[in-house]
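First comes the structure, then the notes that go with it.
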Amino acid sequence: KFWPIAAKINQLEDSIQKLSDSQLRDKTEEFKTRLSGRETLDDLLPEAFAVVREAARRNLGQRHYDVQLIGGMVLHKGQIAEMKTGEGKTLVATLAVYANALEGKGVHVVTVNDYLARRDPVWMGAVYHALGLTVGCLQHDASFLYDPEVTEASNGMEFLRPVSRPEAYKADITYGTNNEFGFDYLRDNMALEAANRVQRE
């Protein structure tokens, strides 16, 4: 059932490649408007994936393969896509993450350690940024937003601007470990005042 959708994404590639950078970015607002009408995420999926693929091609020099498009569809459906090291999990995630961020509820990308929670939003931040989305990053003792203008920073911290925990959670997409999301959730549920909570609704 996924191959026909991948074929549809491929059919859109030429028309999406003809868009300017600003037209490509404008697609995000167009999708959000269409979602507030009668269309669903599934209706928008082929076009949204085609837009992400093009943003990745322009900004990272990486183009999602068809099997990676299918991996993104599997994630979008809430299923498990098993991929070996080097098969592009980080790139695949951008497809489902972007599509689901269009709903404006915030998307959490859960990684296994602080290093990946910091590396992945920096690696993929250019894709989301090009499409007008904000990206947060949680670390054990700090929080950041992806910012391409932060270039003078220690190794591994380029493109990350320190922000408060709530600001990182207000981003369209937030990367972190299961520990950070889990303990923030517990602390929020023990907070005596709403102002002391960090996560979104």
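Residues are named by chain letter and number: chains run A, B, ... in the order of the structure tokens, numbers start at 1 in each chain, and ligands are numbered from 1 in the order shown.
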### Surrounding residues of Gly106 of chain A excluding itself and chain neighbours under 6 positions, 9 Å, only C-alpha atoms, as a PyMOL selection string
chain A and resi 100+169-174+200
For those residues, write N, CA, C and O atoms to a file as a PDB file, in the first residue's frame.
ATOM      1  N   ASN A 100       3.722  15.783  10.552  1.00  0.00           N
ATOM      2  CA  ASN A 100       2.958  15.866  11.803  1.00  0.00           C
ATOM      3  C   ASN A 100       3.110  17.213  12.498  1.00  0.00           C
ATOM      4  O   ASN A 100       2.229  17.636  13.247  1.00  0.00           O
ATOM      5  N   TYR A 169      10.302  23.508  24.236  1.00  0.00           N
ATOM      6  CA  TYR A 169       9.077  22.724  24.044  1.00  0.00           C
ATOM      7  C   TYR A 169       8.068  23.435  23.142  1.00  0.00           C
ATOM      8  O   TYR A 169       7.219  22.791  22.529  1.00  0.00           O
ATOM      9  N   LYS A 170       8.155  24.771  23.060  1.00  0.00           N
ATOM     10  CA  LYS A 170       7.215  25.507  22.202  1.00  0.00           C
ATOM     11  C   LYS A 170       7.594  25.405  20.731  1.00  0.00           C
ATOM     12  O   LYS A 170       6.813  25.796  19.858  1.00  0.00           O
ATOM     13  N   ALA A 171       8.793  24.919  20.445  1.00  0.00           N
ATOM     14  CA  ALA A 171       9.223  24.756  19.049  1.00  0.00           C
ATOM     15  C   ALA A 171       8.278  23.789  18.342  1.00  0.00           C
ATOM     16  O   ALA A 171       7.610  22.962  18.967  1.00  0.00           O
ATOM     17  N   ASP A 172       8.233  23.890  17.018  1.00  0.00           N
ATOM     18  CA  ASP A 172       7.387  22.975  16.230  1.00  0.00           C
ATOM     19  C   ASP A 172       7.839  21.532  16.418  1.00  0.00           C
ATOM     20  O   ASP A 172       7.030  20.602  16.406  1.00  0.00           O
ATOM     21  N   ILE A 173       9.159  21.360  16.586  1.00  0.00           N
ATOM     22  CA  ILE A 173       9.760  20.027  16.710  1.00  0.00           C
ATOM     23  C   ILE A 173      10.759  20.082  17.857  1.00  0.00           C
ATOM     24  O   ILE A 173      11.547  21.028  17.945  1.00  0.00           O
ATOM     25  N   THR A 174      10.729  19.097  18.745  1.00  0.00           N
ATOM     26  CA  THR A 174      11.679  19.069  19.859  1.00  0.00           C
ATOM     27  C   THR A 174      12.370  17.712  19.916  1.00  0.00           C
ATOM     28  O   THR A 174      11.718  16.673  19.976  1.00  0.00           O
ATOM     29  N   ARG A 200       4.232  21.495  26.635  1.00  0.00           N
ATOM     30  CA  ARG A 200       2.997  22.033  26.051  1.00  0.00           C
ATOM     31  C   ARG A 200       1.817  21.170  26.479  1.00  0.00           C
ATOM     32  O   ARG A 200       1.987  20.095  27.037  1.00  0.00           O
TER      33      ARG A 200
END
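The environment of Glu30 of chain A within 10 Å, counting only C-alpha atoms and disregarding residues fewer than 5 places along the same chain, consists of Arg25, Leu35 and Leu102 of chain A.
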### DSSP helix (DSSP H, G or I) residues within chain A, as a PyMOL selection string
chain A and resi 3-17+21-35+41-60+66-76+89-101+114-130+165-170+178-190+194-196
### Task
Rank A:Gly72, A:Asp42, A:Glu82, A:Ala99 by their smallest atom-to-atom distance to Leu131 of chain A, using only C-alpha atoms, and report the top residue only.
A:Ala99
### Task
Quick one: everything within 10 Å of Glu180 of chain A, counting only C-alpha atoms, minus sequence neighbours fewer than 2 positions away in the same chain. Send it as a ChimeraX atom specification.
/A:110,113-114,138-141,175-178,182-186
### Query
So which residues touch segment 15-24 of chain A within 10 Å, counting only C-alpha atoms, skipping near sequence neighbours fewer than 6 positions away, as a PyMOL selection string?
chain A and resi 9+47+50-55+57-58+130-132
Those same residues, written as an mmCIF file, in the first residue's frame with N, CA and C atoms?
data_model
loop_
_atom_site.group_PDB
_atom_site.id
_atom_site.type_symbol
_atom_site.label_atom_id
_atom_site.label_comp_id
_atom_site.auth_asym_id
_atom_site.auth_seq_id
_atom_site.Cartn_x
_atom_site.Cartn_y
_atom_site.Cartn_z
ATOM 1 N N ILE A 9 4.607 10.651 -4.915
ATOM 2 C CA ILE A 9 5.623 11.620 -4.468
ATOM 3 C C ILE A 9 6.623 11.868 -5.598
ATOM 4 N N GLU A 47 2.362 15.300 -1.081
ATOM 5 C CA GLU A 47 2.907 16.629 -1.355
ATOM 6 C C GLU A 47 3.871 17.074 -0.252
ATOM 7 N N ALA A 50 7.105 15.269 -0.636
ATOM 8 C CA ALA A 50 7.841 15.792 -1.793
ATOM 9 C C ALA A 50 8.536 17.102 -1.441
ATOM 10 N N VAL A 51 7.886 17.922 -0.624
ATOM 11 C CA VAL A 51 8.455 19.197 -0.196
ATOM 12 C C VAL A 51 9.669 18.961 0.709
ATOM 13 N N VAL A 52 9.554 18.015 1.647
ATOM 14 C CA VAL A 52 10.682 17.702 2.540
ATOM 15 C C VAL A 52 11.851 17.145 1.735
ATOM 16 N N ARG A 53 11.552 16.267 0.800
ATOM 17 C CA ARG A 53 12.621 15.682 -0.024
ATOM 18 C C ARG A 53 13.390 16.789 -0.748
ATOM 19 N N GLU A 54 12.658 17.753 -1.301
ATOM 20 C CA GLU A 54 13.306 18.842 -2.029
ATOM 21 C C GLU A 54 14.112 19.742 -1.094
ATOM 22 N N ALA A 55 13.575 20.019 0.097
ATOM 23 C CA ALA A 55 14.297 20.849 1.074
ATOM 24 C C ALA A 55 15.594 20.156 1.494
ATOM 25 N N ARG A 57 17.268 17.965 -0.346
ATOM 26 C CA ARG A 57 18.156 17.976 -1.517
ATOM 27 C C ARG A 57 18.885 19.322 -1.616
ATOM 28 N N ARG A 58 18.142 20.416 -1.404
ATOM 29 C CA ARG A 58 18.739 21.754 -1.530
ATOM 30 C C ARG A 58 19.678 22.097 -0.376
ATOM 31 N N ALA A 130 14.381 25.709 6.504
ATOM 32 C CA ALA A 130 14.050 26.117 5.134
ATOM 33 C C ALA A 130 12.548 26.074 4.889
ATOM 34 N N LEU A 131 11.842 25.254 5.677
ATOM 35 C CA LEU A 131 10.392 25.117 5.514
ATOM 36 C C LEU A 131 9.625 25.925 6.570
ATOM 37 N N GLY A 132 10.349 26.772 7.312
ATOM 38 C CA GLY A 132 9.687 27.687 8.237
ATOM 39 C C GLY A 132 9.301 27.115 9.583
#
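When only C-alpha atoms are used to measure the gap to Ala101 of chain A, the shortest distance among A:Glu158, A:Thr134, A:Ala194, A:Lys8 belongs to A:Thr134.
Closest approach to Lys77 of chain A from the set A:Glu103, A:Leu41, A:Arg118, A:Phe144 is made by A:Leu41, with distances taken over only C-alpha atoms.
You will find atom CA of Phe159 of chain A at 11.3 Å from atom CA of His129 of chain A.
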### Message
Env of Ile70 of chain A: 10 Å cut, atoms = only C-alpha atoms, seq-sep filter 3 positions within chain, self excluded. Answer as number ranges by chain.
### Response
A: 1-3, 5-6, 64-67, 73-76, 81, 92, 95
